[in-house]
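In what follows, a structure is listed as structure tokens, so that the remarks can point back to it.
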Amino acid sequence: MNYRHAFHAGNIGDVLKHAVLARILTYLKAKPAAFRVIDTHAGIGRYDLLEGEARRTGEWQAGIARVLETPRPAAIAELLAPWLDVVAALNAEAGETAASDAPLRFYPGSPLLTRRLLRKQDRLTATELHPSDHATLATLFAGDRQVKAIALDGWLALGSFVPPKERRGLVLIDPPFEATDEFDTLAARLVKAWRRWPTGVYAVWYPIKDRKQVNRFYQRLREGGLAKVMAVEHFAGSAHPDRPMMGSGLVIVNPPYVLRDELQILLPWLTDTLAQGPGADWRLIDLAGE
């Protein structure tokens, strides 16, 4: 599949990815020391859901739109607040609203969501190879001293910027899955980066369409010797290689100690909210312990 961000902004995969990303950043901010986020496949940062690629696919209507339309119990609202507050603020600033009784127009990609959640001492390095996407990303963050938007292949970025000088932080890896061997590349590059910076937090997003591919990816990570690895899987329906994406996952290396408990609260609600048919489900899988 081609997972260029603009076509899929705000969809079920983004819901999982960004809800978890916001929880990890919230955890990192609990300590005063500065941290860096490295976003290897950043996209353009800000998406207009009513124009261009996102409008053509309309995938956001089954993702972020449903989340905003559905009443949220207090515990869920608290866990989603860091992410959804950014969505609401982005729309309010543009003269729109993210309220359930009005149209949602703009959606923050991972670099903009990350930037809105940073403190003054924290930094973001966002790399994007696609020329026009990088130009848009660079314009979005022009003059922002806390952000570096770099035109660079994400896999080269992973080799060049790890470990960061802060020695604390998160690497977000969200490739487009255009190549047939993307899972193999992903496993190899993640293992190599972890060996250079074993104390960093890594969050790796991937579509789940072919169970055998995903299981092979997990096995390669186990064989790579990584410690403290958790896989999070979410399905809006039954996954199938020849059908549109109904499930996605995140491999998280060195997950915050509170994250498992938070996800056990959050994932059942997300599954009910985003369900599109039989097979809607969620899983937490321990790929490696200490």
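Ordered as shown in the structure tokens, chains take letters A, B, and onward, while each chain numbers its residues from 1 and ligands are numbered from 1 in the order shown.
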Residues within 10 Å of stretch 265-282 of chain A, please, as a PDB file with N, CA, C and O atoms, in the first residue's frame. Count only C-alpha atoms; anything in the same chain fewer than 6 positions from it doesn't count.
```
ATOM      1  N   ASN A  11      -7.286   9.246   9.855  1.00  0.00           N
ATOM      2  CA  ASN A  11      -7.995   7.969   9.737  1.00  0.00           C
ATOM      3  C   ASN A  11      -7.775   7.112  10.978  1.00  0.00           C
ATOM      4  O   ASN A  11      -7.206   7.567  11.980  1.00  0.00           O
ATOM      5  N   ILE A  12      -8.219   5.851  10.927  1.00  0.00           N
ATOM      6  CA  ILE A  12      -8.135   4.995  12.108  1.00  0.00           C
ATOM      7  C   ILE A  12      -6.689   4.768  12.533  1.00  0.00           C
ATOM      8  O   ILE A  12      -6.399   4.637  13.729  1.00  0.00           O
ATOM      9  N   VAL A  15      -5.577   7.827  14.454  1.00  0.00           N
ATOM     10  CA  VAL A  15      -6.179   7.854  15.792  1.00  0.00           C
ATOM     11  C   VAL A  15      -5.316   7.067  16.768  1.00  0.00           C
ATOM     12  O   VAL A  15      -4.979   7.556  17.864  1.00  0.00           O
ATOM     13  N   LEU A  16      -4.954   5.853  16.400  1.00  0.00           N
ATOM     14  CA  LEU A  16      -4.099   5.047  17.278  1.00  0.00           C
ATOM     15  C   LEU A  16      -2.748   5.719  17.472  1.00  0.00           C
ATOM     16  O   LEU A  16      -2.279   5.897  18.608  1.00  0.00           O
ATOM     17  N   ALA A  19      -2.990   9.253  19.423  1.00  0.00           N
ATOM     18  CA  ALA A  19      -3.406   9.100  20.824  1.00  0.00           C
ATOM     19  C   ALA A  19      -2.248   8.569  21.664  1.00  0.00           C
ATOM     20  O   ALA A  19      -1.988   9.058  22.774  1.00  0.00           O
ATOM     21  N   VAL A  20      -1.529   7.572  21.128  1.00  0.00           N
ATOM     22  CA  VAL A  20      -0.395   6.997  21.863  1.00  0.00           C
ATOM     23  C   VAL A  20       0.783   7.966  21.884  1.00  0.00           C
ATOM     24  O   VAL A  20       1.453   8.120  22.917  1.00  0.00           O
ATOM     25  N   ALA A  62     -14.210   8.160   9.334  1.00  0.00           N
ATOM     26  CA  ALA A  62     -14.294   6.943  10.128  1.00  0.00           C
ATOM     27  C   ALA A  62     -13.262   6.913  11.251  1.00  0.00           C
ATOM     28  O   ALA A  62     -13.194   5.940  12.003  1.00  0.00           O
ATOM     29  N   GLY A  63     -12.467   7.994  11.362  1.00  0.00           N
ATOM     30  CA  GLY A  63     -11.427   8.068  12.375  1.00  0.00           C
ATOM     31  C   GLY A  63     -11.663   9.194  13.356  1.00  0.00           C
ATOM     32  O   GLY A  63     -12.484   9.086  14.267  1.00  0.00           O
ATOM     33  N   ILE A  64     -10.961  10.324  13.162  1.00  0.00           N
ATOM     34  CA  ILE A  64     -11.043  11.433  14.105  1.00  0.00           C
ATOM     35  C   ILE A  64     -12.469  11.961  14.245  1.00  0.00           C
ATOM     36  O   ILE A  64     -12.887  12.355  15.343  1.00  0.00           O
ATOM     37  N   ALA A  65     -13.250  11.964  13.159  1.00  0.00           N
ATOM     38  CA  ALA A  65     -14.621  12.463  13.253  1.00  0.00           C
ATOM     39  C   ALA A  65     -15.438  11.639  14.238  1.00  0.00           C
ATOM     40  O   ALA A  65     -16.205  12.189  15.043  1.00  0.00           O
ATOM     41  N   ARG A  66     -15.294  10.327  14.197  1.00  0.00           N
ATOM     42  CA  ARG A  66     -16.035   9.473  15.129  1.00  0.00           C
ATOM     43  C   ARG A  66     -15.593   9.701  16.571  1.00  0.00           C
ATOM     44  O   ARG A  66     -16.410   9.681  17.494  1.00  0.00           O
ATOM     45  N   VAL A  67     -14.298   9.888  16.759  1.00  0.00           N
ATOM     46  CA  VAL A  67     -13.799  10.136  18.113  1.00  0.00           C
ATOM     47  C   VAL A  67     -14.432  11.404  18.679  1.00  0.00           C
ATOM     48  O   VAL A  67     -14.874  11.444  19.836  1.00  0.00           O
ATOM     49  N   LEU A  68     -14.505  12.447  17.874  1.00  0.00           N
ATOM     50  CA  LEU A  68     -15.065  13.714  18.338  1.00  0.00           C
ATOM     51  C   LEU A  68     -16.573  13.654  18.515  1.00  0.00           C
ATOM     52  O   LEU A  68     -17.130  14.356  19.363  1.00  0.00           O
ATOM     53  N   GLU A  69     -17.251  12.821  17.752  1.00  0.00           N
ATOM     54  CA  GLU A  69     -18.707  12.717  17.831  1.00  0.00           C
ATOM     55  C   GLU A  69     -19.181  11.903  19.027  1.00  0.00           C
ATOM     56  O   GLU A  69     -20.326  12.042  19.459  1.00  0.00           O
ATOM     57  N   THR A  70     -18.330  11.020  19.538  1.00  0.00           N
ATOM     58  CA  THR A  70     -18.737  10.041  20.543  1.00  0.00           C
ATOM     59  C   THR A  70     -18.514  10.576  21.949  1.00  0.00           C
ATOM     60  O   THR A  70     -17.422  11.056  22.265  1.00  0.00           O
ATOM     61  N   PRO A  71     -19.518  10.510  22.820  1.00  0.00           N
ATOM     62  CA  PRO A  71     -19.321  10.934  24.216  1.00  0.00           C
ATOM     63  C   PRO A  71     -18.179  10.160  24.856  1.00  0.00           C
ATOM     64  O   PRO A  71     -18.045   8.944  24.666  1.00  0.00           O
ATOM     65  N   ARG A  72     -17.366  10.878  25.634  1.00  0.00           N
ATOM     66  CA  ARG A  72     -16.192  10.271  26.240  1.00  0.00           C
ATOM     67  C   ARG A  72     -16.328  10.257  27.758  1.00  0.00           C
ATOM     68  O   ARG A  72     -16.447  11.321  28.380  1.00  0.00           O
ATOM     69  N   PRO A  73     -16.301   9.077  28.376  1.00  0.00           N
ATOM     70  CA  PRO A  73     -16.272   9.012  29.837  1.00  0.00           C
ATOM     71  C   PRO A  73     -15.073   9.788  30.378  1.00  0.00           C
ATOM     72  O   PRO A  73     -14.090  10.019  29.670  1.00  0.00           O
ATOM     73  N   ALA A  75     -12.530   9.148  32.290  1.00  0.00           N
ATOM     74  CA  ALA A  75     -11.199   8.545  32.196  1.00  0.00           C
ATOM     75  C   ALA A  75     -10.672   8.595  30.768  1.00  0.00           C
ATOM     76  O   ALA A  75      -9.479   8.852  30.542  1.00  0.00           O
ATOM     77  N   ILE A  76     -11.540   8.377  29.799  1.00  0.00           N
ATOM     78  CA  ILE A  76     -11.146   8.441  28.398  1.00  0.00           C
ATOM     79  C   ILE A  76     -10.814   9.877  28.003  1.00  0.00           C
ATOM     80  O   ILE A  76      -9.816  10.150  27.327  1.00  0.00           O
ATOM     81  N   ALA A  77     -11.665  10.804  28.422  1.00  0.00           N
ATOM     82  CA  ALA A  77     -11.437  12.218  28.100  1.00  0.00           C
ATOM     83  C   ALA A  77     -10.094  12.692  28.624  1.00  0.00           C
ATOM     84  O   ALA A  77      -9.374  13.444  27.948  1.00  0.00           O
ATOM     85  N   LEU A  79      -7.372  10.854  29.152  1.00  0.00           N
ATOM     86  CA  LEU A  79      -6.282  10.247  28.398  1.00  0.00           C
ATOM     87  C   LEU A  79      -6.144  10.844  27.003  1.00  0.00           C
ATOM     88  O   LEU A  79      -5.033  10.957  26.471  1.00  0.00           O
ATOM     89  N   LEU A  80      -7.243  11.234  26.394  1.00  0.00           N
ATOM     90  CA  LEU A  80      -7.211  11.781  25.038  1.00  0.00           C
ATOM     91  C   LEU A  80      -6.998  13.287  24.993  1.00  0.00           C
ATOM     92  O   LEU A  80      -6.738  13.844  23.917  1.00  0.00           O
ATOM     93  N   VAL A 232       1.240  -2.768  20.078  1.00  0.00           N
ATOM     94  CA  VAL A 232      -0.153  -2.364  20.268  1.00  0.00           C
ATOM     95  C   VAL A 232      -0.865  -2.532  18.937  1.00  0.00           C
ATOM     96  O   VAL A 232      -0.433  -1.976  17.923  1.00  0.00           O
ATOM     97  N   GLU A 233      -1.936  -3.301  18.910  1.00  0.00           N
ATOM     98  CA  GLU A 233      -2.689  -3.510  17.678  1.00  0.00           C
ATOM     99  C   GLU A 233      -4.134  -3.076  17.860  1.00  0.00           C
ATOM    100  O   GLU A 233      -4.734  -3.325  18.918  1.00  0.00           O
ATOM    101  N   HIS A 234      -4.663  -2.424  16.835  1.00  0.00           N
ATOM    102  CA  HIS A 234      -6.072  -2.012  16.864  1.00  0.00           C
ATOM    103  C   HIS A 234      -6.706  -2.317  15.512  1.00  0.00           C
ATOM    104  O   HIS A 234      -6.115  -2.047  14.466  1.00  0.00           O
ATOM    105  N   PHE A 235      -7.923  -2.864  15.550  1.00  0.00           N
ATOM    106  CA  PHE A 235      -8.648  -3.215  14.335  1.00  0.00           C
ATOM    107  C   PHE A 235     -10.056  -2.638  14.379  1.00  0.00           C
ATOM    108  O   PHE A 235     -10.772  -2.797  15.369  1.00  0.00           O
ATOM    109  N   ALA A 236     -10.433  -1.982  13.286  1.00  0.00           N
ATOM    110  CA  ALA A 236     -11.813  -1.519  13.133  1.00  0.00           C
ATOM    111  C   ALA A 236     -12.679  -2.601  12.502  1.00  0.00           C
ATOM    112  O   ALA A 236     -13.906  -2.473  12.460  1.00  0.00           O
ATOM    113  N   GLY A 237     -12.068  -3.634  11.992  1.00  0.00           N
ATOM    114  CA  GLY A 237     -12.746  -4.762  11.360  1.00  0.00           C
ATOM    115  C   GLY A 237     -11.718  -5.795  10.978  1.00  0.00           C
ATOM    116  O   GLY A 237     -10.533  -5.672  11.316  1.00  0.00           O
ATOM    117  N   SER A 238     -12.131  -6.804  10.278  1.00  0.00           N
ATOM    118  CA  SER A 238     -11.232  -7.897   9.913  1.00  0.00           C
ATOM    119  C   SER A 238     -10.211  -7.442   8.872  1.00  0.00           C
ATOM    120  O   SER A 238     -10.568  -6.848   7.853  1.00  0.00           O
ATOM    121  N   ALA A 239      -8.946  -7.736   9.136  1.00  0.00           N
ATOM    122  CA  ALA A 239      -7.871  -7.361   8.218  1.00  0.00           C
ATOM    123  C   ALA A 239      -7.760  -8.372   7.092  1.00  0.00           C
ATOM    124  O   ALA A 239      -7.959  -9.576   7.290  1.00  0.00           O
ATOM    125  N   MET A 246      -7.874  -2.037   7.676  1.00  0.00           N
ATOM    126  CA  MET A 246      -8.808  -2.041   8.800  1.00  0.00           C
ATOM    127  C   MET A 246      -8.096  -2.123  10.142  1.00  0.00           C
ATOM    128  O   MET A 246      -8.738  -2.069  11.189  1.00  0.00           O
ATOM    129  N   GLY A 247      -6.779  -2.286  10.113  1.00  0.00           N
ATOM    130  CA  GLY A 247      -6.046  -2.400  11.360  1.00  0.00           C
ATOM    131  C   GLY A 247      -4.647  -1.832  11.232  1.00  0.00           C
ATOM    132  O   GLY A 247      -4.085  -1.759  10.139  1.00  0.00           O
ATOM    133  N   SER A 248      -4.100  -1.406  12.354  1.00  0.00           N
ATOM    134  CA  SER A 248      -2.723  -0.909  12.371  1.00  0.00           C
ATOM    135  C   SER A 248      -2.128  -1.184  13.737  1.00  0.00           C
ATOM    136  O   SER A 248      -2.831  -1.550  14.682  1.00  0.00           O
ATOM    137  N   GLY A 249      -0.824  -0.998  13.810  1.00  0.00           N
ATOM    138  CA  GLY A 249      -0.146  -1.281  15.063  1.00  0.00           C
ATOM    139  C   GLY A 249       0.960  -0.298  15.348  1.00  0.00           C
ATOM    140  O   GLY A 249       1.366   0.495  14.497  1.00  0.00           O
ATOM    141  N   LEU A 259       2.102   3.262  30.396  1.00  0.00           N
ATOM    142  CA  LEU A 259       1.392   3.202  29.116  1.00  0.00           C
ATOM    143  C   LEU A 259       0.495   1.977  28.995  1.00  0.00           C
ATOM    144  O   LEU A 259      -0.621   2.069  28.474  1.00  0.00           O
TER     145      LEU A 259
END
```
Distance query stretch 83-92 of chain A at most 9 Å, only C-alpha atoms, self and fewer than 6 positions along chain excluded, as a ChimeraX atom specification: /A:18-23,68,77,98-99,104-108,112-113,116-117
Long-range neighbours of A:Pro175 as an NGL selection string, 12 Å cut-off, only C-alpha atoms, 6 positions minimum in chain: :A and (1-5 or 39-43 or 127-130 or 153-155 or 158 or 181-183 or 185-187 or 189 or 203-207)
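From atom CA of A:Ile24 back to atom CA of A:Arg195, the distance works out to 21.1 Å.
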Using only C-alpha atoms: which of A:Asn254, A:Ser160, A:Gln146, A:Gln213 has the shortest distance to A:Pro198: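 Result for the nearest residue to A:Pro198: A:Asn254.
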Secondary structure check, strand (DSSP E or B) residues of stretch 106-180 of chain A, as a list in words: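 So, restricting stretch 106-180 of chain A to strand (DSSP E or B), we get Phe106, Tyr107, Pro108, Arg123, Leu124, Thr125, Ala126, Thr127, Val147, Lys148, Ala149, Ile150, Gly169, Leu170, Val171, Leu172 and Ile173 of chain A.
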